[in-house]
>>> print(open('start.cif').read())   # mmCIF, C-alpha atoms and all ligand atoms
data_my_file
loop_
_atom_site.label_atom_id
_atom_site.label_comp_id
_atom_site.auth_asym_id
_atom_site.auth_seq_id
_atom_site.Cartn_x
_atom_site.Cartn_y
_atom_site.Cartn_z
CA MET Z 260 0.00 0.00 0.00
CA GLN Z 261 1.29 3.46 -0.89
CA ARG Z 262 1.51 6.48 1.40
CA GLN Z 263 1.47 9.98 -0.11
CA VAL Z 264 4.56 11.96 0.92
CA ASP Z 265 6.57 15.06 0.04
CA ILE Z 266 8.34 14.72 -3.32
CA GLU Z 267 11.67 15.31 -1.55
CA GLU Z 268 11.07 12.37 0.78
CA ALA Z 269 10.12 10.13 -2.15
CA MET Z 270 13.23 11.20 -4.08
CA ALA Z 271 15.40 10.28 -1.08
CA ARG Z 272 13.67 6.89 -0.89
CA SER Z 273 14.32 6.31 -4.60
CA LEU Z 274 18.07 6.12 -3.95
CA PRO Z 275 20.36 4.40 -4.81
CA LEU Z 276 21.05 5.98 -8.18
CA PRO Z 277 23.85 5.07 -10.61
CA LEU Z 278 27.02 7.09 -10.29
CA ALA Z 279 29.24 8.73 -12.86
CA ILE Z 280 31.93 11.40 -12.99
CA ALA Z 281 31.88 13.98 -15.79
CA ILE Z 282 35.10 15.79 -16.58
CA VAL Z 283 34.85 19.17 -18.28
CA LYS Z 284 37.55 21.64 -19.23
CA ASP Z 285 36.92 24.86 -17.33
CA PRO Z 286 37.13 28.37 -18.83
CA ALA Z 287 40.64 28.73 -17.33
CA GLY Z 288 41.83 25.56 -19.08
CA LYS Z 289 41.92 22.98 -16.29
CA TYR Z 290 40.08 19.67 -16.36
CA ASN Z 291 37.41 19.64 -13.68
CA PRO Z 292 35.58 16.51 -12.49
CA ILE Z 293 32.02 16.59 -11.11
CA SER Z 294 30.18 13.62 -9.63
CA VAL Z 295 26.83 13.06 -11.29
CA ALA Z 296 24.03 10.75 -10.29
CA TRP Z 297 21.68 12.25 -12.87
CA ALA Z 298 23.08 10.56 -15.97
CA MET Z 299 21.52 8.24 -18.51
CA ASN Z 300 21.97 6.67 -21.94
CA THR Z 301 19.62 8.29 -24.42
CA SER Z 302 20.31 6.78 -27.86
CA LYS Z 303 21.89 3.68 -29.35
CA GLU Z 304 22.28 4.95 -32.95
CA PRO Z 305 24.05 7.27 -32.79
CA PRO Z 306 25.28 6.43 -29.28
CA MET Z 307 24.32 9.26 -26.93
CA LEU Z 308 24.04 9.92 -23.23
CA ALA Z 309 22.91 12.80 -21.04
CA ILE Z 310 24.00 14.43 -17.81
CA SER Z 311 22.02 16.96 -15.79
CA ILE Z 312 24.14 19.76 -14.35
CA GLY Z 313 23.01 22.38 -11.82
CA ARG Z 314 23.20 25.95 -13.07
CA MET Z 315 25.20 26.95 -9.98
CA ARG Z 316 27.92 24.35 -10.58
CA TYR Z 317 31.31 25.46 -11.79
CA SER Z 318 31.10 22.61 -14.33
CA PHE Z 319 28.13 24.39 -15.89
CA GLU Z 320 30.46 27.23 -16.93
CA GLY Z 321 32.89 24.75 -18.43
CA LEU Z 322 30.20 22.99 -20.43
CA GLU Z 323 28.88 26.25 -21.79
CA ALA Z 324 32.40 27.29 -22.82
CA ASN Z 325 33.79 24.05 -24.20
CA LYS Z 326 30.89 21.81 -25.32
CA GLN Z 327 32.86 18.60 -24.78
CA PHE Z 328 33.05 16.27 -21.81
CA VAL Z 329 34.10 12.85 -20.66
CA VAL Z 330 31.75 10.62 -18.67
CA ALA Z 331 33.61 8.10 -16.53
CA PHE Z 332 31.98 5.30 -14.57
CA PRO Z 333 34.11 4.96 -11.43
CA SER Z 334 35.47 1.67 -10.17
CA SER Z 335 34.96 0.32 -6.66
CA THR Z 336 38.33 1.76 -5.62
CA MET Z 337 37.15 5.27 -6.51
CA ALA Z 338 34.62 5.97 -3.75
CA GLY Z 339 36.90 8.63 -2.29
CA ASP Z 340 37.41 10.36 -5.62
CA THR Z 341 33.66 10.32 -6.28
CA VAL Z 342 32.74 11.81 -2.91
CA PHE Z 343 35.50 14.39 -3.17
CA PHE Z 344 34.49 15.52 -6.67
CA GLY Z 345 30.87 15.76 -5.52
CA THR Z 346 31.61 17.84 -2.43
CA HIS Z 347 34.28 20.29 -3.64
CA SER Z 348 34.18 22.88 -6.42
CA GLY Z 349 36.64 23.46 -9.19
CA ARG Z 350 36.05 27.16 -8.56
CA ASP Z 351 38.30 26.82 -5.52
CA MET Z 352 40.81 24.18 -6.50
CA ASP Z 353 42.22 21.72 -9.01
CA LYS Z 354 40.31 18.65 -7.81
CA LEU Z 355 42.12 16.08 -9.94
CA SER Z 356 45.56 17.18 -8.92
CA TYR Z 357 44.66 17.83 -5.25
CA TYR Z 358 43.02 14.45 -4.80
CA GLY Z 359 45.71 12.66 -6.79
CA THR Z 360 43.39 10.99 -9.30
CA ALA Z 361 45.23 9.41 -12.20
CA THR Z 362 44.24 10.59 -15.68
CA GLU Z 363 45.07 9.81 -19.29
CA PRO Z 364 44.58 12.15 -22.24
CA ALA Z 365 41.39 11.79 -24.24
CA ILE Z 366 41.87 11.17 -27.95
CA ARG Z 367 38.94 12.74 -29.84
CA ILE Z 368 38.22 15.66 -27.53
CA ASP Z 369 40.17 18.12 -25.43
CA GLY Z 370 39.69 16.23 -22.19
CA VAL Z 371 41.02 13.61 -19.83
CA LEU Z 372 39.98 10.06 -19.00
CA LEU Z 373 40.08 8.68 -15.45
CA ARG Z 374 42.68 5.91 -15.58
CA ASP Z 375 41.12 3.69 -12.89
CA ALA Z 376 37.52 4.03 -14.07
CA VAL Z 377 35.67 1.03 -15.50
CA VAL Z 378 34.54 2.96 -18.57
CA ASN Z 379 35.24 6.40 -20.08
CA PHE Z 380 33.13 7.94 -22.85
CA GLU Z 381 34.39 10.91 -24.86
CA CYS Z 382 31.44 13.11 -25.78
CA GLU Z 383 30.60 16.29 -27.63
CA VAL Z 384 27.52 18.28 -26.71
CA ALA Z 385 24.81 17.52 -29.26
CA GLY Z 386 21.92 19.21 -27.49
CA LYS Z 387 20.78 20.92 -24.32
CA ILE Z 388 17.46 20.97 -22.50
CA ASP Z 389 16.70 23.25 -19.57
CA SER Z 390 15.16 21.38 -16.69
CA GLY Z 391 14.35 23.70 -13.79
CA ASP Z 392 17.49 24.51 -11.87
CA HIS Z 393 19.56 22.07 -13.97
CA ARG Z 394 20.49 21.89 -17.66
CA ILE Z 395 20.58 18.53 -19.40
CA TYR Z 396 23.53 18.12 -21.74
CA ILE Z 397 23.09 15.46 -24.37
CA GLY Z 398 26.44 14.08 -25.42
CA LYS Z 399 27.17 12.26 -28.66
CA ILE Z 400 29.67 9.54 -27.77
CA LEU Z 401 32.68 9.86 -30.07
CA LEU Z 402 34.95 7.28 -28.48
CA ALA Z 403 34.77 4.73 -25.64
CA HIS Z 404 37.43 3.18 -23.41
CA VAL Z 405 37.25 0.38 -20.85
CA HIS Z 406 39.66 -0.63 -18.08
CA GLN Z 407 42.07 -3.23 -19.38
CA ASP Z 408 41.32 -5.48 -16.38
CA PRO Z 409 37.86 -7.02 -16.98
CA ASP Z 410 37.55 -7.85 -13.28
CA VAL Z 411 37.53 -4.23 -12.16
CA LYS Z 412 34.11 -3.57 -10.63
CA ARG Z 413 31.93 -0.48 -10.85
CA LEU Z 414 31.14 1.76 -7.94
CA TYR Z 415 27.47 1.61 -8.67
CA ALA Z 416 25.21 3.15 -6.15
CA ILE Z 417 24.61 5.88 -3.67
CA GLU Z 418 22.40 5.52 -0.66
CA PRO Z 419 21.28 8.26 1.74
CA ASP Z 420 24.49 9.47 3.42
CA ARG Z 421 26.33 6.56 1.89
CA LEU Z 422 28.04 5.87 -1.40
CA GLY Z 423 27.74 2.20 -2.29
CA THR Z 424 28.95 0.44 0.81
CA VAL Z 425 31.17 3.36 1.77
CA LYS Z 426 29.98 5.96 4.22
CA VAL Z 427 30.21 9.54 2.98
CA ASP Z 428 32.21 11.38 5.62
CA GLU Z 429 35.27 13.49 6.11
CA GLU Z 430 37.50 10.47 5.52
CA TYR Z 431 37.35 11.50 1.86
CA SER Z 432 38.12 15.16 2.28
CA SER Z 433 41.84 14.43 2.26
CA PRO Z 434 43.79 13.71 -0.90
CA ARG Z 435 44.55 10.16 -1.93
CA ALA Z 436 48.26 10.66 -1.34
CA LYS Z 437 47.91 11.50 2.38
C1 LIG Z 501 27.02 11.28 -5.39
C2 LIG Z 501 26.78 12.64 -5.93
C3 LIG Z 501 26.01 12.81 -7.07
C4 LIG Z 501 25.81 14.09 -7.61
N1 LIG Z 501 25.07 14.24 -8.74
C5 LIG Z 501 24.96 15.46 -9.32
C6 LIG Z 501 24.29 15.62 -10.58
O1 LIG Z 501 23.80 14.67 -11.20
N2 LIG Z 501 24.22 16.87 -11.11
C7 LIG Z 501 24.76 17.97 -10.48
O2 LIG Z 501 24.67 19.09 -11.01
N3 LIG Z 501 25.39 17.84 -9.28
C8 LIG Z 501 25.52 16.62 -8.71
N4 LIG Z 501 26.18 16.48 -7.52
C9 LIG Z 501 26.75 17.67 -6.88
C10 LIG Z 501 28.06 18.10 -7.53
O3 LIG Z 501 28.89 16.98 -7.81
C11 LIG Z 501 28.81 19.06 -6.55
O4 LIG Z 501 28.01 20.20 -6.33
C12 LIG Z 501 30.19 19.45 -7.03
O5 LIG Z 501 30.89 19.99 -5.93
C13 LIG Z 501 30.16 20.46 -8.16
O6 LIG Z 501 31.48 20.68 -8.57
P1 LIG Z 501 31.90 21.92 -9.50
O7 LIG Z 501 31.49 23.17 -8.75
O8 LIG Z 501 33.39 21.81 -9.63
O9 LIG Z 501 31.18 21.79 -10.79
C14 LIG Z 501 26.38 15.22 -6.97
C15 LIG Z 501 27.15 15.05 -5.80
C16 LIG Z 501 27.35 13.77 -5.29
C17 LIG Z 501 28.19 13.58 -4.05
#
>>> encode(input="start.cif", output="structure tokens", more="lines below")
Ligand SMILES: Cc1cc2nc3c(=O)[nH]c(=O)nc-3n(C[C@H](O)[C@H](O)[C@H](O)COP(=O)(O)O)c2cc1C
Amino acid sequence: MQRQVDIEEAMARSLPLPLAIAIVKDPAGKYNPISVAWAMNTSKEPPMLAISIGRMRYSFEGLEANKQFVVAFPSSTMAGDTVFFGTHSGRDMDKLSYYGTATEPAIRIDGVLLRDAVVNFECEVAGKIDSGDHRIYIGKILLAHVHQDPDVKRLYAIEPDRLGTVKVDEEYSSPRAK
């Protein structure tokens, strides 16, 4: 039996959601990662996906300026990176270098791949749709990469106050190297 509730409460109950990290070149020229739960595949032919980015995010400025992005699906060893990128802004810092996340150059776009991710998709913006306080960027996938080790597992889900099986706390506010 269903109980009518506030939309916010129902959205919280609908977690977990899949997790991805989008990397966008910022207007100053640095590659900035943002954790995104609002991501989906949208077309098979041509292959396309979409991410929904808040208008207040620094990444929004990068997407408007550069119209290219990488979507990486993090591996199970990347819980810290994912929390960090989702709780710090590229306005204030170089997240990739501060956290010590390994990257590789993208090939078809001006971007970087996350070396330890399960999958990286290189995308160019093929369309945009405003959705309230977010803007949906539809990306045409130009090139795809997978981790060379087929046993590497995805970090798949977030739960309220938790990311997969890993609790979201200040443990992840320090760089990897420390
Ligand atoms: C697990 C998780 C998922 C998130 N999903 C999204 C999302 O889909 N869209 C979005 O705009 N922000 C999302 N956020 C918030 C941004 O990642 C966060 O505000 C980030 O600090 C923005 O970075 P930026 O200012 O460098 O762009 C998410 C955060 C977390 C922790």
>>> closest_residue(input="start.cif", among="Z:Arg316, Z:Lys354, Z:Arg374, Z:Arg367", to="ligand LIG 501 (chain Z)", atoms="only C-alpha atoms and all ligand atoms")
Z:Arg316
>>> closest_atom_pairs(input="start.cif", of="stretch 317-425 of chain Z", to="stretch 296-302 of chain Z", cutoff="12 Å", atoms="all atoms listed in the file", output="Markdown table")
| residue | atom | partner | partner_atom | distance |
| --- | --- | --- | --- | --- |
| Z:Val330 | CA | Z:Ala298 | CA | 9.1 |
| Z:Ala331 | CA | Z:Ala298 | CA | 10.8 |
| Z:Phe332 | CA | Z:Ala298 | CA | 10.4 |
| Z:Pro333 | CA | Z:Ala296 | CA | 11.7 |
| Z:Thr341 | CA | Z:Ala296 | CA | 10.4 |
| Z:Val342 | CA | Z:Ala296 | CA | 11.5 |
| Z:Gly345 | CA | Z:Ala296 | CA | 9.7 |
| Z:Phe380 | CA | Z:Asn300 | CA | 11.3 |
| Z:Ala385 | CA | Z:Thr301 | CA | 11.6 |
| Z:Gly386 | CA | Z:Thr301 | CA | 11.6 |
| Z:Ser390 | CA | Z:Trp297 | CA | 11.9 |
| Z:His393 | CA | Z:Trp297 | CA | 10.1 |
| Z:Arg394 | CA | Z:Trp297 | CA | 10.8 |
| Z:Ile395 | CA | Z:Ala298 | CA | 9.0 |
| Z:Tyr396 | CA | Z:Ala298 | CA | 9.5 |
| Z:Ile397 | CA | Z:Thr301 | CA | 8.0 |
| Z:Gly398 | CA | Z:Thr301 | CA | 9.0 |
| Z:Lys399 | CA | Z:Ser302 | CA | 8.8 |
| Z:Ile400 | CA | Z:Ser302 | CA | 9.8 |
| Z:Leu414 | CA | Z:Ala296 | CA | 11.7 |
| Z:Tyr415 | CA | Z:Ala296 | CA | 9.9 |
| Z:Ala416 | CA | Z:Ala296 | CA | 8.7 |
| Z:Ile417 | CA | Z:Ala296 | CA | 8.2 |
| Z:Glu418 | CA | Z:Ala296 | CA | 11.1 |
| Z:Leu422 | CA | Z:Ala296 | CA | 10.9 |
>>> residues_near_ligand(input="start.cif", ligand="ligand LIG 501 (chain Z)", cutoff="6 Å", atoms="all atoms listed in the file", output="number ranges by chain")
Z: 293-297, 311-313, 316-318, 342, 344-349
>>> closest_residue(input="start.cif", among="Z:Pro306, Z:Asn291, Z:Pro277, Z:Asp375", to="Z:Phe343", atoms="all atoms listed in the file")
Z:Asn291
>>> closest_residue(input="start.cif", among="Z:Asp285, Z:Glu323, Z:Asp265, Z:Asp408", to="Z:Val384", atoms="all atoms listed in the file")
Z:Glu323
>>> residues_around(input="start.cif", residues="Z:Glu381", least_positions_apart="5", cutoff="12 Å", atoms="all atoms listed in the file", output="MDAnalysis selection string")
chainID Z and resid 281:283 306:308 326:332 364:373 398:405
>>> write_last_selection(input="start.cif", atoms="C-alpha atoms", output="CSV table (one decimal), in the coordinates of the input")
chain,number,residue,atom,x,y,z
Z,281,ALA,CA,31.9,14.0,-15.8
Z,282,ILE,CA,35.1,15.8,-16.6
Z,283,VAL,CA,34.8,19.2,-18.3
Z,306,PRO,CA,25.3,6.4,-29.3
Z,307,MET,CA,24.3,9.3,-26.9
Z,308,LEU,CA,24.0,9.9,-23.2
Z,326,LYS,CA,30.9,21.8,-25.3
Z,327,GLN,CA,32.9,18.6,-24.8
Z,328,PHE,CA,33.0,16.3,-21.8
Z,329,VAL,CA,34.1,12.8,-20.7
Z,330,VAL,CA,31.8,10.6,-18.7
Z,331,ALA,CA,33.6,8.1,-16.5
Z,332,PHE,CA,32.0,5.3,-14.6
Z,364,PRO,CA,44.6,12.2,-22.2
Z,365,ALA,CA,41.4,11.8,-24.2
Z,366,ILE,CA,41.9,11.2,-28.0
Z,367,ARG,CA,38.9,12.7,-29.8
Z,368,ILE,CA,38.2,15.7,-27.5
Z,369,ASP,CA,40.2,18.1,-25.4
Z,370,GLY,CA,39.7,16.2,-22.2
Z,371,VAL,CA,41.0,13.6,-19.8
Z,372,LEU,CA,40.0,10.1,-19.0
Z,373,LEU,CA,40.1,8.7,-15.4
Z,398,GLY,CA,26.4,14.1,-25.4
Z,399,LYS,CA,27.2,12.3,-28.7
Z,400,ILE,CA,29.7,9.5,-27.8
Z,401,LEU,CA,32.7,9.9,-30.1
Z,402,LEU,CA,35.0,7.3,-28.5
Z,403,ALA,CA,34.8,4.7,-25.6
Z,404,HIS,CA,37.4,3.2,-23.4
Z,405,VAL,CA,37.2,0.4,-20.8
>>> decode(input="start.cif", residues="stretch 272-291 of chain Z", atoms="N, CA and C atoms", output="short mmCIF file (atom, residue, chain, number, x, y, z; two decimals), in the first residue's frame")
data_model
loop_
_atom_site.label_atom_id
_atom_site.label_comp_id
_atom_site.auth_asym_id
_atom_site.auth_seq_id
_atom_site.Cartn_x
_atom_site.Cartn_y
_atom_site.Cartn_z
N ARG Z 272 13.95 8.33 -0.96
CA ARG Z 272 13.67 6.89 -0.89
C ARG Z 272 13.99 6.18 -2.21
N SER Z 273 14.06 6.96 -3.30
CA SER Z 273 14.32 6.31 -4.60
C SER Z 273 15.80 6.02 -4.80
N LEU Z 274 16.66 6.50 -3.88
CA LEU Z 274 18.07 6.12 -3.95
C LEU Z 274 18.18 4.62 -3.66
N PRO Z 275 19.17 3.90 -4.14
CA PRO Z 275 20.36 4.40 -4.81
C PRO Z 275 20.16 4.73 -6.29
N LEU Z 276 21.00 5.63 -6.76
CA LEU Z 276 21.05 5.98 -8.18
C LEU Z 276 22.43 5.59 -8.71
N PRO Z 277 22.53 5.35 -10.03
CA PRO Z 277 23.85 5.07 -10.61
C PRO Z 277 24.77 6.27 -10.44
N LEU Z 278 26.03 6.04 -10.51
CA LEU Z 278 27.02 7.09 -10.29
C LEU Z 278 27.96 7.24 -11.47
N ALA Z 279 28.25 8.48 -11.82
CA ALA Z 279 29.24 8.73 -12.86
C ALA Z 279 30.04 9.97 -12.47
N ILE Z 280 31.13 10.18 -13.17
CA ILE Z 280 31.93 11.40 -12.99
C ILE Z 280 32.09 12.02 -14.38
N ALA Z 281 31.66 13.27 -14.52
CA ALA Z 281 31.88 13.98 -15.79
C ALA Z 281 33.09 14.87 -15.61
N ILE Z 282 33.92 14.92 -16.63
CA ILE Z 282 35.10 15.79 -16.58
C ILE Z 282 34.99 16.80 -17.71
N VAL Z 283 35.06 18.07 -17.34
CA VAL Z 283 34.85 19.17 -18.28
C VAL Z 283 36.02 20.14 -18.16
N LYS Z 284 36.50 20.62 -19.27
CA LYS Z 284 37.55 21.64 -19.23
C LYS Z 284 36.91 22.97 -18.80
N ASP Z 285 37.52 23.62 -17.82
CA ASP Z 285 36.92 24.86 -17.33
C ASP Z 285 37.39 26.05 -18.18
N PRO Z 286 36.76 27.22 -18.00
CA PRO Z 286 37.13 28.37 -18.83
C PRO Z 286 38.60 28.76 -18.67
N ALA Z 287 39.22 28.39 -17.54
CA ALA Z 287 40.64 28.73 -17.33
C ALA Z 287 41.56 27.67 -17.94
N GLY Z 288 41.01 26.56 -18.39
CA GLY Z 288 41.83 25.56 -19.08
C GLY Z 288 42.17 24.32 -18.26
N LYS Z 289 41.62 24.20 -17.04
CA LYS Z 289 41.92 22.98 -16.29
C LYS Z 289 40.75 21.99 -16.39
N TYR Z 290 41.08 20.72 -16.24
CA TYR Z 290 40.08 19.67 -16.36
C TYR Z 290 39.43 19.48 -15.00
N ASN Z 291 38.11 19.63 -14.96
CA ASN Z 291 37.41 19.64 -13.68
C ASN Z 291 36.39 18.50 -13.61
#
